[in-house]
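Chemist: final.tsv is reproduced in full below (TSV, C-alpha atoms and all ligand atoms).
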```tsv
chain	number	residue	atom	x	y	z
W	11	MET	CA	85.84	112.06	113.47
W	12	LEU	CA	85.77	112.63	109.72
W	13	THR	CA	89.53	113.25	109.66
W	14	PRO	CA	91.34	110.01	108.81
W	15	ALA	CA	93.47	108.85	111.75
W	16	SER	CA	97.13	109.19	110.85
W	17	HIS	CA	99.81	108.59	113.41
W	18	THR	CA	103.07	106.76	113.82
W	19	ASN	CA	103.73	104.29	116.58
W	20	PRO	CA	107.28	104.60	117.91
W	21	GLY	CA	107.20	100.94	119.02
W	22	LEU	CA	108.84	99.54	122.11
W	23	GLU	CA	112.06	97.58	122.65
W	24	ALA	CA	111.93	94.43	124.83
W	25	ASP	CA	113.01	96.50	127.86
W	26	GLY	CA	110.10	98.88	127.35
W	27	THR	CA	112.13	101.79	125.95
W	28	ALA	CA	110.95	103.45	122.78
W	29	SER	CA	112.64	102.16	119.63
W	30	SER	CA	113.38	104.24	116.56
W	31	VAL	CA	111.44	101.78	114.33
W	32	GLN	CA	108.55	103.49	112.58
W	33	VAL	CA	105.46	101.28	112.31
W	34	ALA	CA	103.18	101.89	109.33
W	35	PRO	CA	100.24	104.11	110.33
W	36	GLN	CA	97.21	102.05	111.31
W	37	ARG	CA	93.84	103.43	110.36
W	38	ASP	CA	91.16	103.05	113.02
W	39	PRO	CA	88.70	100.59	111.41
W	40	LEU	CA	85.80	102.44	113.05
W	41	CYS	CA	86.76	105.79	111.54
W	42	PRO	CA	84.44	106.76	108.67
W	43	PHE	CA	85.62	108.17	105.36
W	44	PRO	CA	84.27	111.51	104.12
W	45	ALA	CA	81.51	111.02	101.56
W	46	ASP	CA	79.38	113.52	99.65
W	47	VAL	CA	75.62	113.26	99.29
W	48	ILE	CA	75.31	113.48	95.50
W	49	ALA	CA	71.55	112.88	95.09
W	50	VAL	CA	68.42	112.54	97.19
W	51	GLU	CA	65.32	110.82	95.81
W	52	PRO	CA	62.09	110.83	97.88
W	53	GLU	CA	60.56	107.32	97.81
W	54	ALA	CA	57.64	107.39	100.25
W	55	PRO	CA	56.46	109.44	103.23
W	56	SER	CA	59.52	109.75	105.56
W	57	VAL	CA	61.66	107.58	103.26
W	58	SER	CA	64.29	108.80	100.78
W	59	THR	CA	67.16	107.28	98.85
W	60	PHE	CA	70.51	108.98	99.40
W	61	ARG	CA	73.33	108.43	96.94
W	62	LEU	CA	76.70	108.85	98.64
W	63	GLU	CA	80.11	109.04	97.02
W	64	PHE	CA	83.44	108.65	98.81
W	65	GLN	CA	85.53	111.79	98.38
W	66	ASP	CA	88.67	109.66	97.96
W	67	PRO	CA	88.78	108.25	94.38
W	68	ALA	CA	90.89	105.27	95.58
W	69	ARG	CA	88.18	104.32	98.09
W	70	ARG	CA	85.53	104.58	95.36
W	71	GLU	CA	87.63	102.24	93.23
W	72	GLN	CA	88.21	99.70	96.04
W	73	TYR	CA	84.57	99.50	97.16
W	74	ARG	CA	83.08	96.06	96.34
W	75	LEU	CA	79.55	95.16	97.35
W	76	GLN	CA	77.63	91.92	97.79
W	77	PRO	CA	73.83	92.34	97.59
W	78	GLY	CA	72.48	92.45	101.15
W	79	GLN	CA	75.50	94.11	102.78
W	80	PHE	CA	75.25	97.36	104.72
W	81	ASN	CA	77.27	100.51	105.41
W	82	MET	CA	77.65	102.66	108.51
W	83	ILE	CA	76.59	106.27	107.83
W	84	TYR	CA	77.93	108.93	110.20
W	85	VAL	CA	76.23	112.28	110.69
W	86	PRO	CA	78.94	114.55	112.14
W	87	GLY	CA	78.25	115.42	115.75
W	88	VAL	CA	75.08	113.35	115.89
W	89	GLY	CA	75.87	109.66	115.47
W	90	GLU	CA	76.26	106.68	113.22
W	91	VAL	CA	73.64	104.23	111.87
W	92	PRO	CA	73.77	100.94	109.94
W	93	ILE	CA	71.97	101.22	106.60
W	94	SER	CA	71.66	98.57	103.87
W	95	VAL	CA	72.87	99.38	100.40
W	96	SER	CA	69.77	99.56	98.20
W	97	GLY	CA	71.46	99.92	94.83
W	98	ALA	CA	73.43	97.48	92.73
W	99	PRO	CA	77.00	98.28	91.67
W	100	GLY	CA	77.04	100.42	88.54
W	101	GLU	CA	73.24	100.91	88.59
W	102	GLY	CA	73.54	104.63	89.29
W	103	PRO	CA	75.96	107.22	90.57
W	104	GLY	CA	77.34	106.69	94.06
W	105	ILE	CA	76.13	104.14	96.62
W	106	ALA	CA	72.36	104.14	97.23
W	107	HIS	CA	70.87	103.92	100.74
W	108	THR	CA	67.10	104.02	101.27
W	109	ILE	CA	66.42	105.45	104.70
W	110	ARG	CA	63.33	105.81	106.89
W	111	PHE	CA	63.49	108.79	109.23
W	112	VAL	CA	62.70	107.29	112.64
W	113	GLY	CA	64.94	108.83	115.29
W	114	ARG	CA	67.90	110.91	116.35
W	115	VAL	CA	70.32	110.30	113.47
W	116	THR	CA	67.89	109.55	110.65
W	117	HIS	CA	65.80	112.67	111.40
W	118	VAL	CA	68.91	114.77	110.82
W	119	LEU	CA	69.63	112.82	107.62
W	120	ALA	CA	66.18	113.82	106.40
W	121	SER	CA	67.48	117.33	105.75
W	122	ALA	CA	70.74	116.25	104.04
W	123	ALA	CA	70.78	117.77	100.57
W	124	PRO	CA	73.24	117.18	97.73
W	125	GLY	CA	76.58	118.63	98.79
W	126	THR	CA	76.25	117.58	102.46
W	127	VAL	CA	79.36	115.79	103.73
W	128	LEU	CA	78.76	112.65	105.81
W	129	GLY	CA	80.99	109.81	107.02
W	130	LEU	CA	80.78	106.39	105.41
W	131	ARG	CA	82.40	103.04	106.16
W	132	GLY	CA	81.70	99.59	104.82
W	133	PRO	CA	80.51	97.43	103.24
W	134	TYR	CA	79.92	95.09	106.15
W	135	GLY	CA	78.41	91.69	106.76
W	136	ARG	CA	77.33	88.71	104.74
W	137	GLY	CA	74.78	89.29	102.02
W	138	TRP	CA	72.22	87.18	100.13
W	139	PRO	CA	73.34	83.72	98.89
W	140	ILE	CA	73.12	84.57	95.18
W	141	ASP	CA	75.64	81.89	94.16
W	142	ARG	CA	73.86	79.21	96.14
W	143	ALA	CA	70.64	80.15	94.32
W	144	ARG	CA	72.11	79.51	90.86
W	145	GLY	CA	70.08	76.98	88.90
W	146	ARG	CA	67.17	77.23	91.34
W	147	ASP	CA	63.89	79.10	91.69
W	148	VAL	CA	64.18	82.19	93.88
W	149	LEU	CA	61.25	83.53	95.86
W	150	LEU	CA	61.80	87.00	97.33
W	151	VAL	CA	59.36	88.13	100.04
W	152	ALA	CA	59.53	91.73	101.24
W	153	GLY	CA	57.51	94.09	103.38
W	154	GLY	CA	57.81	97.88	103.53
W	155	LEU	CA	61.40	99.04	103.80
W	156	GLY	CA	62.54	95.40	103.52
W	157	LEU	CA	62.64	95.79	99.76
W	158	ALA	CA	65.66	98.10	100.12
W	159	PRO	CA	68.25	95.39	101.00
W	160	LEU	CA	66.58	93.01	98.54
W	161	ARG	CA	66.77	95.42	95.60
W	162	PRO	CA	70.48	94.69	94.90
W	163	ALA	CA	69.56	90.97	94.91
W	164	VAL	CA	66.75	91.64	92.40
W	165	ARG	CA	69.28	93.42	90.19
W	166	ALA	CA	71.89	90.65	90.56
W	167	LEU	CA	69.37	87.93	89.70
W	168	LEU	CA	68.02	89.81	86.68
W	169	SER	CA	71.45	90.78	85.36
W	170	ASP	CA	72.31	87.07	85.15
W	171	ARG	CA	68.76	85.91	84.37
W	172	ALA	CA	69.64	82.69	82.50
W	173	GLN	CA	71.46	81.34	85.58
W	174	PHE	CA	68.27	81.05	87.65
W	175	GLY	CA	64.96	79.26	87.43
W	176	ARG	CA	61.67	80.97	88.20
W	177	LEU	CA	62.06	84.37	89.91
W	178	THR	CA	59.14	85.71	91.95
W	179	LEU	CA	58.83	88.76	94.18
W	180	LEU	CA	56.04	89.07	96.75
W	181	TYR	CA	55.98	92.60	98.11
W	182	GLY	CA	53.61	94.56	100.27
W	183	ALA	CA	53.32	97.79	102.20
W	184	ARG	CA	50.80	99.35	104.54
W	185	GLN	CA	49.40	101.68	101.87
W	186	PRO	CA	50.09	102.39	98.18
W	187	SER	CA	52.22	105.47	98.94
W	188	ASP	CA	54.57	103.30	101.06
W	189	LEU	CA	55.49	100.99	98.15
W	190	LEU	CA	59.18	101.48	97.34
W	191	PHE	CA	60.73	101.55	93.86
W	192	SER	CA	57.31	101.23	92.19
W	193	ARG	CA	58.67	102.84	89.02
W	194	GLU	CA	60.88	99.73	88.55
W	195	TYR	CA	58.37	96.84	88.83
W	196	ALA	CA	57.45	96.88	85.13
W	197	GLU	CA	61.12	96.63	84.17
W	198	TRP	CA	61.71	93.77	86.63
W	199	GLU	CA	58.76	91.92	85.05
W	200	ARG	CA	60.06	92.60	81.55
W	201	LEU	CA	63.45	91.15	82.53
W	202	GLY	CA	61.86	87.94	83.81
W	203	MET	CA	60.67	88.28	87.40
W	204	GLU	CA	57.05	87.76	88.41
W	205	VAL	CA	56.10	90.67	90.70
W	206	LEU	CA	53.06	90.33	92.99
W	207	ILE	CA	52.20	93.46	94.96
W	208	THR	CA	49.71	93.95	97.76
W	209	VAL	CA	48.84	96.64	100.30
W	210	ASP	CA	47.22	96.35	103.72
W	211	ARG	CA	44.89	99.27	102.93
W	212	GLY	CA	44.07	100.64	99.48
W	213	ASP	CA	43.11	104.21	98.67
W	214	ALA	CA	40.64	105.66	96.18
W	215	ALA	CA	43.09	105.24	93.29
W	216	TRP	CA	44.34	101.74	94.19
W	217	ARG	CA	43.24	98.98	91.78
W	218	GLY	CA	45.64	96.27	92.97
W	219	ARG	CA	45.51	93.55	95.62
W	220	VAL	CA	44.63	94.26	99.25
W	221	GLY	CA	45.84	91.92	101.99
W	222	VAL	CA	48.99	90.89	103.79
W	223	VAL	CA	52.01	89.51	101.93
W	224	PRO	CA	52.03	85.91	103.26
W	225	VAL	CA	48.57	85.36	101.71
W	226	LEU	CA	50.24	85.71	98.29
W	227	PHE	CA	51.90	82.32	98.88
W	228	ASN	CA	48.51	80.79	97.97
W	229	ARG	CA	48.93	82.10	94.42
W	230	LEU	CA	52.23	80.25	93.87
W	231	LEU	CA	53.13	76.82	92.58
W	232	ILE	CA	56.26	76.00	94.54
W	233	GLU	CA	58.69	73.16	93.87
W	234	PRO	CA	60.28	72.98	97.34
W	235	ALA	CA	63.48	71.17	96.38
W	236	ARG	CA	64.23	73.81	93.74
W	237	THR	CA	63.30	76.89	95.77
W	238	VAL	CA	65.40	79.36	97.76
W	239	VAL	CA	63.51	81.99	99.79
W	240	LEU	CA	64.99	85.43	100.55
W	241	THR	CA	62.94	87.57	102.92
W	242	CYS	CA	63.25	90.95	104.60
W	243	GLY	CA	60.77	93.18	106.37
W	244	PRO	CA	59.06	93.49	109.74
W	245	GLU	CA	59.87	90.45	111.91
W	246	ILE	CA	56.23	89.34	111.91
W	247	LEU	CA	56.36	89.15	108.10
W	248	MET	CA	59.59	87.15	108.15
W	249	ARG	CA	58.20	84.79	110.79
W	250	LEU	CA	55.06	84.15	108.72
W	251	THR	CA	57.19	83.72	105.60
W	252	VAL	CA	59.26	81.04	107.36
W	253	THR	CA	56.03	79.26	108.36
W	254	GLU	CA	54.52	79.46	104.85
W	255	ALA	CA	57.77	78.16	103.33
W	256	GLN	CA	58.05	75.32	105.86
W	257	ASN	CA	54.39	74.39	105.24
W	258	ARG	CA	55.36	73.95	101.57
W	259	ASN	CA	58.30	71.69	102.51
W	260	ILE	CA	61.04	74.21	101.77
W	261	LEU	CA	64.01	73.28	103.95
W	262	ASP	CA	65.28	75.64	106.68
W	263	GLN	CA	68.65	75.71	104.92
W	264	ASP	CA	66.95	77.28	101.89
W	265	ILE	CA	65.11	80.02	103.81
W	266	TYR	CA	67.17	83.20	104.30
W	267	TYR	CA	66.31	86.41	106.14
W	268	SER	CA	68.08	89.68	106.86
W	269	LEU	CA	67.96	90.77	110.50
W	270	GLU	CA	68.19	94.20	112.09
W	271	ARG	CA	69.45	94.75	115.60
W	272	ASN	CA	70.86	97.82	117.32
W	273	MET	CA	74.57	97.83	116.57
W	274	ASN	CA	77.47	100.18	117.19
W	275	CYS	CA	80.71	98.93	115.70
W	276	ALA	CA	79.56	96.77	112.72
W	277	VAL	CA	82.71	94.64	112.98
W	278	GLY	CA	81.88	92.18	115.76
W	279	LEU	CA	83.58	94.04	118.62
W	280	CYS	CA	80.90	95.77	120.68
W	281	GLY	CA	78.54	92.82	121.11
W	282	HIS	CA	75.35	94.91	120.86
W	283	CYS	CA	73.93	92.83	118.03
W	284	GLN	CA	74.81	89.37	119.35
W	285	LEU	CA	72.18	86.66	118.95
W	286	GLY	CA	73.26	83.28	120.35
W	287	PRO	CA	76.76	82.73	119.00
W	288	ALA	CA	76.25	85.07	116.05
W	289	PHE	CA	77.03	88.73	115.59
W	290	ILE	CA	74.36	90.13	113.26
W	291	CYS	CA	76.86	92.68	111.89
W	292	LYS	CA	79.67	90.26	111.07
W	293	ASN	CA	78.07	86.84	110.60
W	294	GLY	CA	74.88	88.33	109.07
W	295	PRO	CA	72.79	90.34	108.57
W	296	VAL	CA	71.64	87.54	106.23
W	297	PHE	CA	71.22	84.12	107.84
W	298	SER	CA	69.54	80.88	106.86
W	299	HIS	CA	66.79	79.74	109.20
W	300	GLN	CA	68.82	76.56	109.74
W	301	GLU	CA	71.61	78.67	111.29
W	302	LEU	CA	69.49	80.72	113.68
W	303	ALA	CA	66.32	78.75	114.45
W	304	PRO	CA	67.75	77.24	117.67
W	305	PHE	CA	68.45	80.72	119.06
W	306	PHE	CA	65.03	82.25	118.62
W	307	ARG	CA	62.44	81.89	121.31
W	308	GLN	CA	59.12	80.68	119.95
W	309	ASP	CA	57.58	84.14	120.12
W	310	MET	CA	60.41	85.67	118.11
W	311	LEU	CA	61.15	85.17	114.42
F	1	LIG	C1	72.08	95.69	109.22
F	1	LIG	C2	71.06	96.82	109.27
F	1	LIG	C3	70.58	97.37	108.11
F	1	LIG	C4	69.67	98.42	108.17
F	1	LIG	N1	69.21	98.95	106.99
F	1	LIG	C5	68.38	99.98	107.01
F	1	LIG	C6	67.95	100.59	105.80
F	1	LIG	O1	68.31	100.17	104.70
F	1	LIG	N2	67.13	101.65	105.89
F	1	LIG	C7	66.71	102.16	107.10
F	1	LIG	O2	65.95	103.14	107.12
F	1	LIG	N3	67.05	101.58	108.26
F	1	LIG	C8	67.89	100.52	108.24
F	1	LIG	N4	68.30	99.96	109.42
F	1	LIG	C9	67.74	100.49	110.68
F	1	LIG	C10	68.49	101.77	111.05
F	1	LIG	O3	69.82	101.46	111.38
F	1	LIG	C11	67.80	102.40	112.24
F	1	LIG	O4	66.53	102.87	111.85
F	1	LIG	C12	68.62	103.57	112.74
F	1	LIG	O5	69.78	103.07	113.39
F	1	LIG	C13	67.83	104.42	113.69
F	1	LIG	O6	68.72	105.41	114.18
F	1	LIG	P1	68.16	106.79	114.73
F	1	LIG	O7	69.28	107.42	115.51
F	1	LIG	O8	67.57	107.59	113.64
F	1	LIG	O9	67.00	106.35	115.66
F	1	LIG	P2	67.05	106.12	117.26
F	1	LIG	O10	66.78	107.43	117.89
F	1	LIG	O11	68.29	105.37	117.64
F	1	LIG	O12	65.86	105.09	117.39
F	1	LIG	C14	64.55	105.35	116.93
F	1	LIG	C15	63.75	104.06	117.06
F	1	LIG	O13	64.27	103.06	116.16
F	1	LIG	C16	64.67	101.90	116.91
F	1	LIG	N5	65.91	101.39	116.30
F	1	LIG	C17	67.12	101.99	116.29
F	1	LIG	N6	68.00	101.24	115.64
F	1	LIG	C18	67.34	100.13	115.22
F	1	LIG	C19	67.71	98.98	114.49
F	1	LIG	N7	68.95	98.76	114.06
F	1	LIG	N8	66.77	98.05	114.25
F	1	LIG	C20	65.52	98.21	114.67
F	1	LIG	N9	65.10	99.30	115.37
F	1	LIG	C21	66.01	100.24	115.64
F	1	LIG	C22	64.91	102.39	118.31
F	1	LIG	O14	64.77	101.32	119.26
F	1	LIG	C23	63.84	103.44	118.45
F	1	LIG	O15	62.59	102.85	118.73
F	1	LIG	C24	69.20	98.90	109.41
F	1	LIG	C25	69.68	98.33	110.58
F	1	LIG	C26	70.60	97.30	110.52
F	1	LIG	C27	71.10	96.69	111.80
```
For this file, write the structure as structure tokens.
Ligand SMILES: Cc1cc2nc3c(=O)[nH]c(=O)nc-3n(C[C@H](O)[C@H](O)[C@H](O)COP(=O)(O)OP(=O)(O)OC[C@H]3O[C@@H](n4cnc5c(N)ncnc54)[C@H](O)[C@@H]3O)c2cc1C
Modeler:
Amino acid sequence: MLTPASHTNPGLEADGTASSVQVAPQRDPLCPFPADVIAVEPEAPSVSTFRLEFQDPARREQYRLQPGQFNMIYVPGVGEVPISVSGAPGEGPGIAHTIRFVGRVTHVLASAAPGTVLGLRGPYGRGWPIDRARGRDVLLVAGGLGLAPLRPAVRALLSDRAQFGRLTLLYGARQPSDLLFSREYAEWERLGMEVLITVDRGDAAWRGRVGVVPVLFNRLLIEPARTVVLTCGPEILMRLTVTEAQNRNILDQDIYYSLERNMNCAVGLCGHCQLGPAFICKNGPVFSHQELAPFFRQDML
């Protein structure tokens, strides 16, 4: 599957006989491109960041990312999984993916060292509405691994800091060792983002806040008409974030979340990730609550 599809189609005449016309080779859009693992950085128990680089220099050159988009990573002979890009363009070598080892494919990825060849295709989907947030306050709310797809948004906001109003990140994890990218918080604060961290359970060394993320809303002064909310994490966290934001009169059209669903193709063909009229892979994974609220049952997000 790692070999690029390359074939000619002889074409057919109107009477069904084969013509001599050569049609340009069509590449199967679901066929991944070979990519090298160039670095692996442990982040937390069972979570590492893998930097992948396309082997083909032209593909490296063509790759353009919007914060919040995802790639499909293929482990030869095992399977393919959707993974958000966790790094901003130019922020480091290769394309960063922060992965929790939970099942069949990701457990195999856990042992991928630099030099391993994987398959990679993407980027896919619609990312965070960075342009729509220009001139406004941006409140990012993340839980656990949910900071991974938000990290490129953090970078994009901070690299164009003067274009935005107040920037605030509320982030929490179960325990201190689960906090992702903790070595970067001080830099994010220095560049102009308020960073409020909490954990569900502290440990002997923890001196920070203890409690769930939505409680941090009580520490904020929010101007609802100016505020755009971007949230990602466990669905319970996103649901509570929507409620906290609505309670502060932030409009559904200004509340965005990134959804995860089982998906196979990533291009809107297989239908696995359909929610109402939307394909999470193609129309999302980022949606405003205004777009999706009618399609959630009350006990869902
Ligand atoms: C758009 C998108 C972005 C994602 N970004 C990341 C990321 O940045 N980092 C990361 O670690 N994971 C991410 N995921 C989730 C990741 O794709 C799944 O963890 C992975 O597919 C599991 O594959 P597996 O073969 O290892 O596990 P499996 O053996 O397939 O499953 C193990 C367990 O995980 C559940 N599961 C599988 N796929 C999903 C899924 N898509 N959503 C929720 N539960 C699932 C299964 O139901 C099962 O309980 C993302 C998913 C989507 C749809």
Chemist: Quote the spacing between CA of Phe227 in chain W and CA of Thr251 in chain W in Å to one decimal place.
Modeler: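 Separating CA of Phe227 in chain W from CA of Thr251 in chain W is a distance of 8.7 Å.
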Chemist: Compute the set of protein, DNA and RNA residues whose minimum atom distance to ligand LIG 1 (chain F) is at most 8 Å, using all atoms listed in the file, and state it as a ChimeraX atom specification.
Modeler: /W:57,79-81,89-96,107-118,135,155-156,158-159,268-273,283,290-291,294-295
Chemist: Which residue, W:Asp262, W:Glu63, W:Glu197, W:Glu233, has the smallest gap to Leu168 in chain W when you use all atoms listed in the file?
Modeler: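 Selected residue with least distance to Leu168 in chain W: W:Glu197.
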Chemist: Between W:Asp264, W:Gly125, W:Thr178, W:Glu101, single out the one closest to Pro162 in chain W, counting all atoms listed in the file.
Modeler: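 Among the listed residues, W:Glu101 lies closest to Pro162 in chain W.
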Chemist: Taking into account all atoms listed in the file, which residue in the set W:Gln185, W:Thr126, W:Glu71, W:Leu240 is nearest to Trp216 in chain W?
Modeler: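 For Trp216 in chain W, the nearest of the candidates is W:Gln185.
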Chemist: Using all atoms listed in the file, tabulate the residues of range 171-257 of chain W lying at most 8 Å from any atom of range 139-150 of chain W, each with its closest atom pair and that distance in Å to one decimal, by chain and increasing residue number, as a tab-separated table.
Modeler:
```
residue	atom	partner	partner_atom	distance
W:Gln173	CA	W:Arg144	CA	5.6
W:Phe174	CA	W:Gly145	CA	4.6
W:Gly175	CA	W:Asp147	CA	4.4
W:Arg176	CA	W:Asp147	CA	4.5
W:Leu177	CA	W:Val148	CA	5.0
W:Thr178	CA	W:Leu149	CA	4.9
W:Leu179	CA	W:Leu150	CA	4.7
W:Leu180	CA	W:Leu150	CA	6.1
W:Arg236	CA	W:Arg146	CA	5.1
W:Thr237	CA	W:Asp147	CA	4.7
W:Val238	CA	W:Val148	CA	5.0
W:Val239	CA	W:Leu149	CA	4.8
W:Leu240	CA	W:Leu150	CA	4.8
W:Thr241	CA	W:Leu150	CA	5.7
```
Chemist: Let me make sure I understand: among W:Gln300, W:Gln76, W:Ser169, W:Asn257, which one has the smallest atom-to-atom distance to Pro234 in chain W if we use only C-alpha atoms?
Modeler: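 Looking at the shortest contact to Pro234 in chain W, the residue is W:Asn257.
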Chemist: Measuring atom to atom with only C-alpha atoms, identify which of W:Phe60, W:Tyr84, W:Tyr134, W:Phe305 is nearest to Cys41 in chain W.
Modeler: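 Ranked by minimum distance to Cys41 in chain W, first place goes to W:Tyr84.
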Chemist: Which distance in Å separates CA of Ser187 in chain W and CA of Met203 in chain W, to one decimal?
Modeler: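 One can read the CA of Ser187 in chain W to CA of Met203 in chain W distance as 22.4 Å.
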Chemist: Rounded to one decimal, what separation in Å do you get between CA of Met82 in chain W and CA of Arg161 in chain W?
Modeler: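 CA of Arg161 in chain W lies 18.4 Å from CA of Met82 in chain W.
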Chemist: Could you check which of W:Arg165, W:Glu53, W:Ile260, W:Ala120 is closest to Arg193 in chain W, using all atoms listed in the file?
Modeler: W:Glu53
